[in-house]
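Heads up: the structure comes next, in structure tokens.
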Amino acid sequence: MPTSPELANIDAAFERLNTILDTTGALDSAATQHAAYALRLAIVQALGDQDRIEAAEASLAELKLSS
């Protein structure tokens, strides 16, 4: 599936934001992690990237198990 430049920009912006959140410790919060993982899942679903969809779903499932 071809990726639109807009979706690619959203994906890249999310990755930058996620790196900042992780570096600053903001992702230590389960609520913030859940929101970030859910957003990542929505983005990769829009991109149609099956490998990343599976990884995002696994991250969300793992977070739910640890909560």
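Just so we're on the same page: first chain in the structure tokens is A, next is B, and so on; residues restart at 1 for each chain, and ligands are numbered from 1 in the order they show up.
Proximity to Ala55 of chain A at 12 Å, evaluated using only C-alpha atoms and with sequence-adjacent residues fewer than 2 positions away removed, yields A:Tyr37, A:Ala38, A:Arg40, A:Leu41, A:Val44, A:Gln45, A:Asp49, A:Gln50, A:Asp51, A:Arg52, A:Ile53, A:Glu57, A:Ala58, A:Ser59, A:Leu60, A:Ala61, A:Glu62.
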Just write the chosen residues, C-alpha atoms, as a PDB file, in the first residue's frame.
```pdb
ATOM      1  CA  TYR A  37       0.757   2.860  22.095  1.00  0.00           C
ATOM      2  CA  ALA A  38      -2.846   3.429  20.987  1.00  0.00           C
ATOM      3  CA  ARG A  40       1.071   4.345  17.353  1.00  0.00           C
ATOM      4  CA  LEU A  41      -1.398   1.556  16.534  1.00  0.00           C
ATOM      5  CA  VAL A  44       0.485   2.123  11.611  1.00  0.00           C
ATOM      6  CA  GLN A  45      -3.020   0.868  10.816  1.00  0.00           C
ATOM      7  CA  ASP A  49       2.209  -1.708   7.933  1.00  0.00           C
ATOM      8  CA  GLN A  50       1.289  -5.194   9.169  1.00  0.00           C
ATOM      9  CA  ASP A  51       4.572  -5.848  11.011  1.00  0.00           C
ATOM     10  CA  ARG A  52       4.251  -2.605  12.961  1.00  0.00           C
ATOM     11  CA  ILE A  53       0.527  -3.227  13.561  1.00  0.00           C
ATOM     12  CA  GLU A  57      -0.933  -4.627  19.303  1.00  0.00           C
ATOM     13  CA  ALA A  58       1.583  -6.699  21.263  1.00  0.00           C
ATOM     14  CA  SER A  59       2.770  -3.605  23.143  1.00  0.00           C
ATOM     15  CA  LEU A  60      -0.806  -2.720  24.110  1.00  0.00           C
ATOM     16  CA  ALA A  61      -1.539  -6.304  25.191  1.00  0.00           C
ATOM     17  CA  GLU A  62       1.648  -6.421  27.275  1.00  0.00           C
TER      18      GLU A  62
END
```
inquiry  = Can you pull out the residues contacting Ala42 of chain A? Cut-off 10 Å, using only C-alpha atoms, and skip same-chain residues under 6 positions away; I want them as a PyMOL selection string.
reply    = chain A and resi 36+48+53+56
Restricting to only C-alpha atoms, whichever of A:Lys64, A:Ala31, A:Leu39, A:Thr3 is closest to Glu15 of chain A is A:Leu39
Separating atom CA of Leu47 of chain A from atom CA of Ser66 of chain A, to the nearest tenth of an Å, is a gap of 28.0 Å
Here atom CA of Leu7 of chain A and atom CA of Leu63 of chain A stand apart by 25.7 Å
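Separating atom CA of Leu27 of chain A from atom CA of Ser4 of chain A is a distance of 28.5 Å.
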If you count only C-alpha atoms, the residue of A:Leu65, A:Ile43, A:Ala35, A:Ala8 closest to Leu21 of chain A turns out to be A:Ala35
